[in-house]
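Containing compact mmCIF, C-alpha atoms and all ligand atoms: model.txt.
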# COMPACT_ATOMS: atom_id res chain seq x y z
CA MET A 1 0.00 0.00 0.00
CA GLN A 2 1.25 3.50 -0.89
CA THR A 3 1.85 5.75 2.10
CA LYS A 4 0.54 9.32 2.11
CA ASN A 5 3.02 12.15 2.04
CA ILE A 6 1.34 15.14 3.58
CA GLY A 7 2.97 18.29 2.20
CA LEU A 8 4.90 16.33 -0.47
CA ARG A 9 8.12 16.52 1.61
CA ASN A 10 11.09 14.75 0.02
CA ILE A 11 9.06 13.54 -2.94
CA GLU A 12 10.99 13.88 -6.22
CA VAL A 13 8.60 15.00 -8.95
CA ALA A 14 10.90 16.37 -11.66
CA ASP A 15 14.48 16.94 -12.77
CA THR A 16 15.81 20.48 -12.77
CA LYS A 17 19.06 22.05 -13.95
CA ILE A 18 18.26 25.44 -12.41
CA SER A 19 19.30 25.14 -8.78
CA ALA A 20 20.25 22.72 -6.01
CA VAL A 21 19.46 23.13 -2.34
CA ASP A 22 21.53 21.12 0.10
CA GLY A 23 19.61 21.37 3.36
CA ILE A 24 22.07 19.27 5.33
CA ASN A 25 25.20 21.26 4.49
CA GLY A 26 23.47 24.63 4.05
CA LYS A 27 24.36 25.17 0.38
CA LEU A 28 22.43 26.83 -2.40
CA ILE A 29 23.69 26.49 -5.96
CA TYR A 30 22.30 28.34 -8.99
CA ARG A 31 23.21 26.68 -12.33
CA GLY A 32 26.29 25.19 -10.66
CA TYR A 33 27.45 28.38 -8.88
CA ASP A 34 27.41 28.85 -5.11
CA ILE A 35 25.26 31.83 -4.09
CA LEU A 36 27.92 32.85 -1.59
CA ASP A 37 30.18 33.45 -4.57
CA LEU A 38 27.45 35.11 -6.64
CA VAL A 39 26.64 37.68 -3.94
CA LYS A 40 30.30 38.73 -3.94
CA LYS A 41 30.90 38.79 -7.69
CA SER A 42 27.63 38.99 -9.60
CA THR A 43 24.65 41.31 -9.96
CA PHE A 44 20.93 40.53 -9.99
CA GLU A 45 20.83 41.18 -13.75
CA GLU A 46 23.63 38.70 -14.46
CA THR A 47 22.18 36.13 -12.04
CA ALA A 48 18.72 36.38 -13.62
CA CYS A 49 20.22 36.05 -17.10
CA MET A 50 22.16 32.97 -15.95
CA LEU A 51 19.03 31.40 -14.43
CA LEU A 52 17.17 31.84 -17.72
CA ASN A 53 20.08 30.39 -19.68
CA ASP A 54 22.31 27.48 -18.90
CA ASP A 55 25.43 29.14 -17.56
CA LEU A 56 27.06 32.48 -16.81
CA PRO A 57 26.32 34.66 -19.84
CA SER A 58 28.86 35.91 -22.37
CA LYS A 59 29.27 39.70 -22.72
CA THR A 60 26.99 39.68 -25.77
CA VAL A 61 24.23 37.62 -24.13
CA LEU A 62 24.31 39.76 -20.97
CA SER A 63 24.33 42.99 -22.91
CA GLU A 64 21.31 41.88 -25.01
CA PHE A 65 19.56 40.79 -21.81
CA ASN A 66 20.23 44.17 -20.16
CA ASP A 67 19.06 46.07 -23.24
CA LYS A 68 15.77 44.15 -23.26
CA LEU A 69 15.36 44.59 -19.51
CA ILE A 70 15.78 48.36 -19.80
CA ALA A 71 13.60 48.61 -22.92
CA SER A 72 10.78 46.93 -20.95
CA ARG A 73 10.99 49.51 -18.14
CA LYS A 74 7.60 51.04 -18.74
CA VAL A 75 4.03 50.42 -17.67
CA PRO A 76 1.44 50.21 -20.45
CA GLU A 77 -0.96 53.13 -20.17
CA GLY A 78 -3.95 50.84 -19.59
CA LEU A 79 -2.19 49.20 -16.71
CA GLU A 80 -1.55 52.55 -15.05
CA LYS A 81 -5.28 53.27 -15.29
CA ASN A 82 -6.00 49.89 -13.68
CA LEU A 83 -3.70 50.75 -10.79
CA LYS A 84 -5.36 54.13 -10.31
CA ASN A 85 -8.79 52.49 -10.14
CA LEU A 86 -7.89 50.17 -7.28
CA PRO A 87 -8.80 50.95 -3.66
CA LYS A 88 -5.76 52.57 -2.00
CA THR A 89 -5.99 50.01 0.79
CA ALA A 90 -5.37 47.07 -1.56
CA ASN A 91 -2.64 44.67 -0.47
CA PRO A 92 0.42 45.12 -2.74
CA MET A 93 0.71 41.36 -3.31
CA ASP A 94 -2.91 41.24 -4.52
CA VAL A 95 -2.23 44.21 -6.76
CA LEU A 96 0.89 42.58 -8.16
CA GLN A 97 -0.82 39.25 -8.76
CA SER A 98 -3.76 40.78 -10.59
CA LEU A 99 -1.62 43.19 -12.63
CA VAL A 100 0.65 40.36 -13.79
CA ALA A 101 -2.44 38.41 -14.89
CA ILE A 102 -3.68 41.50 -16.76
CA LEU A 103 -0.27 41.95 -18.47
CA ALA A 104 -1.17 38.84 -20.48
CA ALA A 105 -3.76 40.95 -22.28
CA TYR A 106 -0.91 43.01 -23.79
CA GLU A 107 0.87 39.90 -25.08
CA ASN A 108 0.37 37.47 -27.92
CA GLU A 109 0.30 34.40 -25.71
CA LYS A 110 -0.44 32.12 -28.65
CA LEU A 111 3.27 32.19 -29.46
CA ASP A 112 4.23 29.64 -26.85
CA ASP A 113 7.68 28.80 -28.21
CA ARG A 114 10.92 29.07 -26.27
CA PRO A 115 12.16 32.44 -27.69
CA SER A 116 8.78 34.09 -26.99
CA ASN A 117 8.83 32.80 -23.42
CA TYR A 118 12.40 34.00 -22.95
CA THR A 119 11.40 37.52 -24.07
CA ARG A 120 8.27 37.34 -21.90
CA ALA A 121 10.40 36.34 -18.90
CA ILE A 122 12.67 39.38 -19.33
CA ASP A 123 9.63 41.62 -19.68
CA LEU A 124 8.17 40.27 -16.43
CA ILE A 125 11.48 40.62 -14.57
CA SER A 126 11.58 44.22 -15.74
CA LYS A 127 7.91 45.04 -15.04
CA LEU A 128 7.35 43.56 -11.56
CA PRO A 129 9.43 46.21 -9.71
CA ILE A 130 7.82 48.92 -11.80
CA ILE A 131 4.32 47.77 -10.86
CA VAL A 132 5.26 47.63 -7.16
CA ALA A 133 6.89 51.08 -7.19
CA CYS A 134 4.04 52.66 -9.19
CA TRP A 135 1.48 51.13 -6.83
CA ASP A 136 3.26 52.54 -3.79
CA ARG A 137 3.32 56.03 -5.36
CA ILE A 138 -0.33 55.85 -6.42
CA ARG A 139 -1.66 54.61 -3.09
CA ASN A 140 0.19 57.45 -1.36
CA GLY A 141 -1.29 60.04 -3.75
CA LYS A 142 2.10 60.72 -5.37
CA GLU A 143 3.02 61.09 -9.04
CA ILE A 144 4.53 58.03 -10.70
CA VAL A 145 8.31 58.38 -11.16
CA GLN A 146 9.33 57.52 -14.72
CA PRO A 147 11.93 54.75 -14.89
CA SER A 148 15.57 55.61 -15.47
CA LYS A 149 17.45 53.89 -18.27
CA ASP A 150 20.81 54.53 -16.60
CA LEU A 151 20.33 52.83 -13.24
CA SER A 152 20.75 49.19 -12.26
CA HIS A 153 17.66 47.06 -11.70
CA ALA A 154 17.83 47.49 -7.90
CA ALA A 155 18.70 51.20 -8.04
CA ASN A 156 15.91 51.92 -10.51
CA PHE A 157 13.39 50.27 -8.18
CA LEU A 158 14.51 52.42 -5.23
CA TYR A 159 14.49 55.49 -7.49
CA MET A 160 10.95 54.83 -8.73
CA LEU A 161 9.81 54.21 -5.16
CA THR A 162 11.26 57.38 -3.63
CA GLY A 163 11.95 59.76 -6.51
CA ASN A 164 15.59 60.03 -5.36
CA ILE A 165 18.69 58.44 -6.83
CA PRO A 166 19.68 55.95 -4.12
CA ASP A 167 22.91 55.79 -2.19
CA ASN A 168 25.27 53.32 -3.98
CA GLU A 169 25.69 51.12 -0.90
CA PHE A 170 21.92 50.89 -0.37
CA ALA A 171 21.39 49.98 -4.03
CA ARG A 172 24.09 47.28 -3.85
CA ILE A 173 22.56 45.87 -0.65
CA LEU A 174 19.19 45.56 -2.36
CA ASP A 175 20.93 44.03 -5.40
CA ILE A 176 22.44 41.35 -3.13
CA CYS A 177 19.02 40.70 -1.55
CA LEU A 178 17.60 40.20 -5.03
CA ILE A 179 20.36 37.71 -5.91
CA LEU A 180 19.67 35.77 -2.71
CA HIS A 181 15.91 35.51 -3.28
CA ALA A 182 16.02 34.78 -7.01
CA GLU A 183 15.72 31.02 -6.94
CA HIS A 184 15.14 28.14 -4.54
CA SER A 185 14.20 25.00 -6.45
CA PHE A 186 10.72 23.50 -5.82
CA ASN A 187 9.56 25.85 -3.05
CA ALA A 188 5.78 26.39 -2.76
CA SER A 189 5.50 29.30 -5.21
CA THR A 190 7.81 27.79 -7.83
CA PHE A 191 5.94 24.52 -7.60
CA ALA A 192 2.66 26.45 -8.00
CA ALA A 193 4.06 28.20 -11.09
CA ARG A 194 5.34 24.94 -12.57
CA GLU A 195 2.11 23.16 -11.77
CA VAL A 196 0.16 25.81 -13.71
CA ALA A 197 2.69 25.71 -16.57
CA SER A 198 2.31 21.91 -16.69
CA THR A 199 -1.29 22.44 -17.87
CA ARG A 200 0.19 24.43 -20.83
CA ALA A 201 -1.26 27.64 -19.42
CA HIS A 202 0.78 30.70 -20.43
CA MET A 203 3.64 32.30 -18.51
CA HIS A 204 1.58 35.15 -17.03
CA ALA A 205 -0.96 32.69 -15.58
CA ALA A 206 1.86 30.64 -14.07
CA VAL A 207 3.69 33.67 -12.61
CA SER A 208 0.51 35.08 -11.09
CA ALA A 209 -0.10 31.69 -9.44
CA GLY A 210 3.44 31.89 -8.06
CA ILE A 211 2.73 35.34 -6.62
CA GLY A 212 -0.43 34.02 -4.94
CA ALA A 213 1.50 31.16 -3.33
CA LEU A 214 4.31 33.47 -2.23
CA SER A 215 1.90 35.81 -0.44
CA GLY A 216 1.14 33.35 2.39
CA GLU A 217 2.87 33.86 5.75
CA LEU A 218 4.43 30.40 5.78
CA HIS A 219 6.27 31.35 2.57
CA GLY A 220 7.14 34.85 1.30
CA GLY A 221 4.65 36.57 3.60
CA ALA A 222 6.89 35.67 6.54
CA ASN A 223 9.20 38.68 6.02
CA PHE A 224 6.28 41.08 6.62
CA GLN A 225 5.32 39.14 9.75
CA VAL A 226 8.94 39.30 10.95
CA MET A 227 8.95 43.10 10.78
CA LYS A 228 5.61 43.23 12.60
CA MET A 229 7.15 41.03 15.29
CA LEU A 230 10.27 43.22 15.59
CA LEU A 231 8.18 46.38 15.92
CA ASP A 232 6.06 44.68 18.56
CA ILE A 233 9.17 43.56 20.49
CA ARG A 234 10.80 47.04 20.15
CA THR A 235 13.76 46.51 22.52
CA GLU A 236 16.42 43.87 23.14
CA GLU A 237 15.14 43.40 26.72
CA ASN A 238 11.68 42.46 25.45
CA VAL A 239 12.92 39.68 23.17
CA GLU A 240 13.17 36.90 25.72
CA PRO A 241 9.72 37.28 27.37
CA TRP A 242 8.09 37.87 23.96
CA ILE A 243 9.53 34.71 22.38
CA LYS A 244 8.88 32.58 25.47
CA GLU A 245 5.27 33.71 25.59
CA LYS A 246 4.70 32.87 21.89
CA LEU A 247 6.33 29.47 22.15
CA ALA A 248 4.39 28.68 25.33
CA HIS A 249 1.21 29.20 23.26
CA ASP A 250 2.55 27.00 20.45
CA LYS A 251 2.91 29.96 18.10
CA LYS A 252 5.45 29.98 15.27
CA ILE A 253 8.33 32.46 15.36
CA MET A 254 8.39 33.96 11.90
CA GLY A 255 11.72 33.92 10.07
CA MET A 256 12.85 30.82 11.95
CA GLY A 257 12.86 27.24 10.66
CA HIS A 258 12.84 25.79 7.19
CA ALA A 259 11.30 22.83 5.43
CA ILE A 260 14.62 21.88 3.75
CA TYR A 261 17.49 23.52 5.66
CA LYS A 262 18.22 21.67 8.86
CA THR A 263 21.27 23.86 9.37
CA PHE A 264 22.02 27.52 8.72
CA ASP A 265 20.28 28.84 5.58
CA PRO A 266 23.24 30.30 3.64
CA ARG A 267 21.07 33.25 2.55
CA ALA A 268 20.36 34.13 6.18
CA GLU A 269 24.10 34.25 6.82
CA VAL A 270 24.58 36.92 4.13
CA LEU A 271 21.45 38.84 5.15
CA ARG A 272 22.52 38.86 8.79
CA GLU A 273 25.70 40.68 7.78
CA LEU A 274 23.74 43.12 5.59
CA SER A 275 21.36 43.85 8.45
CA ARG A 276 24.38 44.44 10.73
CA ARG A 277 25.93 46.83 8.19
CA LEU A 278 22.68 48.73 7.77
CA SER A 279 22.16 49.03 11.53
CA GLU A 280 25.68 50.41 11.82
CA LYS A 281 25.08 52.89 9.00
CA THR A 282 21.63 54.05 10.12
CA GLY A 283 22.09 53.74 13.89
CA GLU A 284 18.87 51.69 14.11
CA PRO A 285 18.56 48.84 16.64
CA TRP A 286 17.03 46.17 14.39
CA TYR A 287 20.08 44.01 13.84
CA LYS A 288 20.67 43.49 17.58
CA ILE A 289 17.00 42.78 18.24
CA THR A 290 16.84 40.29 15.35
CA LYS A 291 20.01 38.54 16.50
CA LYS A 292 18.49 38.15 19.93
CA VAL A 293 15.31 36.71 18.39
CA GLU A 294 17.50 34.17 16.61
CA ASP A 295 19.44 33.25 19.77
CA VAL A 296 16.49 33.08 22.16
CA THR A 297 14.35 31.03 19.74
CA ALA A 298 17.20 28.57 19.20
CA GLU A 299 17.81 28.21 22.97
CA GLU A 300 14.11 27.78 23.78
CA MET A 301 13.47 25.28 21.00
CA LYS A 302 16.44 23.23 22.21
CA LYS A 303 15.13 23.32 25.78
CA VAL A 304 11.48 22.62 24.98
CA LYS A 305 11.62 20.35 21.91
CA GLY A 306 15.22 19.21 22.02
CA SER A 307 15.62 20.28 18.37
CA ASP A 308 17.77 22.82 16.57
CA ILE A 309 16.22 25.71 14.68
CA PHE A 310 17.95 28.23 12.42
CA PRO A 311 17.00 31.55 10.84
CA ASN A 312 15.64 31.45 7.31
CA VAL A 313 15.90 34.00 4.50
CA ASP A 314 13.09 36.13 5.97
CA LEU A 315 14.51 36.82 9.42
CA TYR A 316 17.19 39.33 8.48
CA SER A 317 15.73 40.53 5.17
CA ALA A 318 12.83 42.14 7.07
CA SER A 319 15.03 44.50 9.05
CA ALA A 320 17.32 45.09 6.07
CA TYR A 321 14.37 46.35 3.97
CA TYR A 322 13.08 48.40 6.89
CA MET A 323 16.42 50.17 7.20
CA LEU A 324 16.44 50.74 3.42
CA LYS A 325 13.25 52.74 4.19
CA ILE A 326 11.07 50.38 2.18
CA PRO A 327 7.45 50.25 3.42
CA MET A 328 6.93 47.02 5.37
CA ASP A 329 4.16 45.64 3.23
CA LEU A 330 6.50 45.76 0.22
CA ASN A 331 8.78 43.12 1.81
CA THR A 332 6.93 40.26 0.14
CA PRO A 333 6.52 42.05 -3.22
CA ILE A 334 10.33 42.55 -3.21
CA PHE A 335 10.68 38.80 -2.75
CA ALA A 336 8.44 38.41 -5.84
CA ILE A 337 10.48 40.99 -7.81
CA SER A 338 13.46 38.75 -7.34
CA ARG A 339 11.86 35.29 -7.42
CA VAL A 340 10.24 36.01 -10.78
CA ALA A 341 13.66 35.19 -12.27
CA GLY A 342 13.46 31.68 -10.80
CA TRP A 343 9.77 31.23 -11.61
CA THR A 344 10.22 32.13 -15.27
CA ALA A 345 13.31 29.89 -15.58
CA HIS A 346 11.27 27.02 -14.14
CA ILE A 347 8.27 27.73 -16.38
CA ILE A 348 10.57 27.56 -19.41
CA GLU A 349 12.12 24.33 -18.10
CA GLU A 350 8.65 22.89 -17.47
CA LYS A 351 7.48 23.76 -20.97
CA PHE A 352 10.60 22.93 -22.96
CA ALA A 353 12.67 20.32 -21.07
CA GLU A 354 14.58 18.33 -23.66
CA ALA A 355 15.86 15.36 -21.70
CA ALA A 356 13.81 12.53 -20.24
CA PRO A 357 12.02 12.32 -17.90
CA LYS A 358 10.05 15.16 -19.51
CA PRO A 359 7.63 16.98 -17.21
CA MET A 360 3.99 16.06 -17.48
CA LEU A 361 0.72 17.39 -16.08
CA TYR A 362 0.96 17.26 -12.27
CA ARG A 363 -1.83 15.19 -10.80
CA PRO A 364 -1.25 13.85 -7.28
CA LYS A 365 -3.79 11.67 -5.56
CA ALA A 366 -5.88 12.33 -2.46
CA VAL A 367 -7.39 9.74 -0.17
CA TYR A 368 -11.15 10.18 0.17
CA VAL A 369 -12.07 10.19 3.87
CA GLY A 370 -15.54 11.76 3.49
CA LYS A 371 -18.97 10.27 4.10
CA TYR A 372 -19.56 6.77 2.70
CA CYS A 373 -23.07 5.35 2.24
CA GLY A 374 -22.24 2.25 0.26
CA PRO A 375 -21.02 1.69 -3.32
CA SER A 376 -23.93 3.56 -4.97
CA GLY A 377 -23.48 6.66 -2.78
CA CYS A 378 -25.82 8.45 -0.35
CA GLU A 379 -29.50 8.90 -1.11
CA TYR A 380 -30.25 12.40 -2.42
CA VAL A 381 -32.72 14.12 -0.03
CA PRO A 382 -34.81 16.95 -1.55
CA LEU A 383 -34.16 20.36 0.03
CA GLU A 384 -37.59 20.61 1.75
CA LYS A 385 -37.11 17.24 3.40
CA ARG A 386 -33.66 17.98 4.83
CA GLN A 387 -33.24 18.75 8.51
CA GLN A 388 -33.57 22.55 8.84
C1 LIG B 401 9.03 26.99 7.31
C2 LIG B 401 8.26 26.02 8.17
C3 LIG B 401 6.78 25.97 7.68
C4 LIG B 401 8.87 24.63 8.07
O1 LIG B 401 8.11 23.81 8.87
P1 LIG B 401 8.45 22.25 9.09
O2 LIG B 401 8.89 21.65 7.82
O3 LIG B 401 7.28 21.66 9.79
O4 LIG B 401 9.68 22.32 10.05
P2 LIG B 401 10.20 21.17 10.98
O5 LIG B 401 9.67 19.85 10.54
O6 LIG B 401 11.66 21.35 11.05
O7 LIG B 401 9.55 21.52 12.40
C5 LIG B 401 9.96 20.81 13.56
C6 LIG B 401 9.20 21.32 14.74
O8 LIG B 401 9.59 22.67 14.97
C7 LIG B 401 8.46 23.51 15.00
N1 LIG B 401 8.78 24.75 14.33
C8 LIG B 401 9.27 24.90 13.09
N2 LIG B 401 9.44 26.20 12.81
C9 LIG B 401 9.06 26.87 13.90
C10 LIG B 401 9.01 28.23 14.21
N3 LIG B 401 9.36 29.15 13.32
N4 LIG B 401 8.58 28.61 15.42
C11 LIG B 401 8.21 27.68 16.33
N5 LIG B 401 8.23 26.36 16.10
C12 LIG B 401 8.65 25.97 14.89
C13 LIG B 401 7.40 22.76 14.20
O9 LIG B 401 6.09 23.18 14.57
C14 LIG B 401 7.71 21.33 14.59
O10 LIG B 401 7.15 21.09 15.89
P3 LIG B 401 6.47 19.67 16.23
O11 LIG B 401 7.57 18.67 16.03
O12 LIG B 401 6.04 19.84 17.65
O13 LIG B 401 5.34 19.52 15.26
C15 LIG B 401 8.28 26.44 9.66
O14 LIG B 401 9.59 26.43 10.13
C16 LIG B 401 7.62 27.79 9.90
O15 LIG B 401 6.40 27.89 9.94
N6 LIG B 401 8.45 28.87 10.06
C17 LIG B 401 7.90 30.18 10.29
C18 LIG B 401 7.41 30.80 8.99
C19 LIG B 401 8.54 31.23 8.11
O16 LIG B 401 9.47 31.88 8.56
N7 LIG B 401 8.41 30.89 6.83
C20 LIG B 401 9.38 31.24 5.83
C21 LIG B 401 10.09 30.00 5.36
S1 LIG B 401 11.40 30.41 4.24
Please lay out the structure from this file as structure tokens.
Amino acid sequence: MQTKNIGLRNIEVADTKISAVDGINGKLIYRGYDILDLVKKSTFEETACMLLNDDLPSKTVLSEFNDKLIASRKVPEGLEKNLKNLPKTANPMDVLQSLVAILAAYENEKLDDRPSNYTRAIDLISKLPIIVACWDRIRNGKEIVQPSKDLSHAANFLYMLTGNIPDNEFARILDICLILHAEHSFNASTFAAREVASTRAHMHAAVSAGIGALSGELHGGANFQVMKMLLDIRTEENVEPWIKEKLAHDKKIMGMGHAIYKTFDPRAEVLRELSRRLSEKTGEPWYKITKKVEDVTAEEMKKVKGSDIFPNVDLYSASAYYMLKIPMDLNTPIFAISRVAGWTAHIIEEKFAEAAPKPMLYRPKAVYVGKYCGPSGCEYVPLEKRQQ
């Protein structure tokens, strides 16, 4: 008899050449390259280009990629009208998800070949930050800032958000955050995107499904919850009682724990250092408070459950974004701005994998545990005769 696997943990459902996550040794590899090396030597643009291709790009491939990315830095007029018609209280992840779905209307999705999907992927990578920045301006009653063709991807996002050319160090810190969040194998949102692509739905449908999956607090939504937690804790002294109280009530500590990493998440290691640098530069207390959250949670989990727990990618990214003066509810959209590189690479792999085993329509099985009234089913009772 087959055993159930709730949550599909450790089930291998496809081959991928895009990334490898080693949860035991705390390693994350994109297309063969260690992210710890990429954050030192690469940029988000180069990393995204590599994810969509097979290897580090040549000068020509990267320059064509950059040209297309910059050429796509605009919001179709109709889309701007859509944004302006939305209630100002709309959640930015909902806005992003619906706007990405609407972007399909501006595309000829019938061309579902590899080159069209590659171009579409670059367009989406370019447009997601623009949608997020425009939405933030619109909901705050401010004029949209037109994109710059001279700034990097990260710097242009900060510029469109604030109207000011960002400090170089801030822009590079955001660039590193984007590299770190770009790809993570079959996480929930990537699996959602691939699952939709497996039905032969188009790229926009698959990416908007990915955004929906990312919005939940057990996935990308955790970084927003982390910042809410830090603001609630406020001081280093409050960390210990706060964490103890939550754990005593069986509550999860956001930003801690991971389904795959059973050691330090390598991304958290880099983000911890970025948060430390930003705290030093801005004089804000968030690094020290976050570090204490990490330490106290680890100690308490060891005492209570006898198990180890480590910070994940969301713990230190929350305070890093806060110190970059990014509104808290844009934490998860920033995750999406970056992860769209991984989603689109996976959608292309799902649609055009050349080697066996080729992907096929995902269709897991569920065990029916509902009412059973015999092989011919329950007797249908007319509405007026049912118990009221
Ligand atoms: C990500 C997450 C869903 C993984 O869950 P998981 O695969 O069940 O993790 P584990 O199997 O290692 O959990 C082992 C135990 O630790 C507990 N645990 C895991 N993460 C925890 C956390 N952040 N706070 C408190 N307890 C936690 C689990 O409830 C489980 O307890 P149990 O054995 O009594 O059932 C979980 O760690 C979590 O909810 N973290 C907080 C949300 C978050 O930061 N998400 C972003 C992930 S990148």
Name each residue within 9 Å of ligand LIG 401 (chain B), counting all atoms listed in the file, as a VMD selection string.
chain A and resid 7 9 187 216 to 223 225 to 226 246 to 247 250 to 262 297 301 305 307 to 315
Which of these residues is nearest to Lys27 (chain A), using only C-alpha atoms: A:Glu143, A:Glu269, A:Asp112, A:Glu300?
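Closest to Lys27 (chain A) of all the choices is A:Glu269.
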Within 8 Å of Gly26 (chain A), counting only C-alpha atoms, which residues qualify if same-chain residues fewer than 2 places away don't, as a CSV table (one decimal) with C-alpha atoms, in the coordinates of the input?
chain,number,residue,atom,x,y,z
A,21,VAL,CA,19.5,23.1,-2.3
A,22,ASP,CA,21.5,21.1,0.1
A,23,GLY,CA,19.6,21.4,3.4
A,24,ILE,CA,22.1,19.3,5.3
A,28,LEU,CA,22.4,26.8,-2.4
A,261,TYR,CA,17.5,23.5,5.7
A,262,LYS,CA,18.2,21.7,8.9
A,263,THR,CA,21.3,23.9,9.4
A,264,PHE,CA,22.0,27.5,8.7
A,265,ASP,CA,20.3,28.8,5.6
A,266,PRO,CA,23.2,30.3,3.6
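Among A:Ser317, A:Val340, A:Phe335, A:Thr3, the residue with the shortest atom-to-atom distance to Lys127 (chain A), counting only C-alpha atoms, is A:Val340.
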Arg200 (chain A) surroundings by only C-alpha atoms, 10 Å radius, close-in-sequence under 2 positions cut, as an MDAnalysis selection string
chainID A and resid 112 194:198 202:203 205:206 347 350:351 360:361
Pull the closest atom pair for each residue of region 142-253 of chain A that gets at most 10 Å from region 35-56 of chain A, along with the distance in Å to one decimal, counting all atoms listed in the file, ordering rows by chain and then ascending residue number, as a tab-separated table.
residue	atom	partner	partner_atom	distance
A:Ser152	CA	A:Glu45	CA	8.1
A:His153	CA	A:Glu45	CA	7.0
A:Ala154	CA	A:Phe44	CA	7.9
A:Arg172	CA	A:Thr43	CA	8.6
A:Ile173	CA	A:Val39	CA	9.7
A:Leu174	CA	A:Phe44	CA	9.3
A:Asp175	CA	A:Phe44	CA	5.8
A:Ile176	CA	A:Val39	CA	5.6
A:Cys177	CA	A:Val39	CA	8.5
A:Leu178	CA	A:Phe44	CA	6.0
A:Ile179	CA	A:Phe44	CA	5.0
A:Leu180	CA	A:Ile35	CA	7.0
A:His181	CA	A:Phe44	CA	9.8
A:Ala182	CA	A:Ala48	CA	7.3
A:Glu183	CA	A:Leu51	CA	8.2
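Each of A:Gln388, A:Ser19, A:Asn140, A:Asn331 was checked against Lys84 (chain A) using all atoms listed in the file; the smallest atom-to-atom distance is that of A:Asn140.
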Produce a table with one row for each residue of region 145-214 of chain A that has an atom at most 9 Å from any atom of region 96-102 of chain A, each row naming the nearest atom pair and its distance in Å at one decimal; use all atoms listed in the file; arrange rows by chain and rising residue number; format as CSV.
residue,atom,partner,partner_atom,distance
A:His204,CA,A:Ala101,CA,5.6
A:Ala205,CA,A:Ala101,CA,5.9
A:Ala206,CA,A:Ala101,CA,8.9
A:Val207,CA,A:Val100,CA,7.4
A:Ser208,CA,A:Gln97,CA,5.0
A:Ala209,CA,A:Gln97,CA,7.6
A:Gly210,CA,A:Gln97,CA,8.5
A:Ile211,CA,A:Gln97,CA,5.7
A:Gly212,CA,A:Gln97,CA,6.5
Atoms to include: C-alpha atoms. Write the selected residues as a PDB file, keeping the file's coordinate frame.
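Result saved to part.pdb:
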ATOM      1  CA  HIS A 204       1.580  35.150 -17.030  1.00  0.00           C
ATOM      2  CA  ALA A 205      -0.960  32.690 -15.580  1.00  0.00           C
ATOM      3  CA  ALA A 206       1.860  30.640 -14.070  1.00  0.00           C
ATOM      4  CA  VAL A 207       3.690  33.670 -12.610  1.00  0.00           C
ATOM      5  CA  SER A 208       0.510  35.080 -11.090  1.00  0.00           C
ATOM      6  CA  ALA A 209      -0.100  31.690  -9.440  1.00  0.00           C
ATOM      7  CA  GLY A 210       3.440  31.890  -8.060  1.00  0.00           C
ATOM      8  CA  ILE A 211       2.730  35.340  -6.620  1.00  0.00           C
ATOM      9  CA  GLY A 212      -0.430  34.020  -4.940  1.00  0.00           C
TER      10      GLY A 212
END
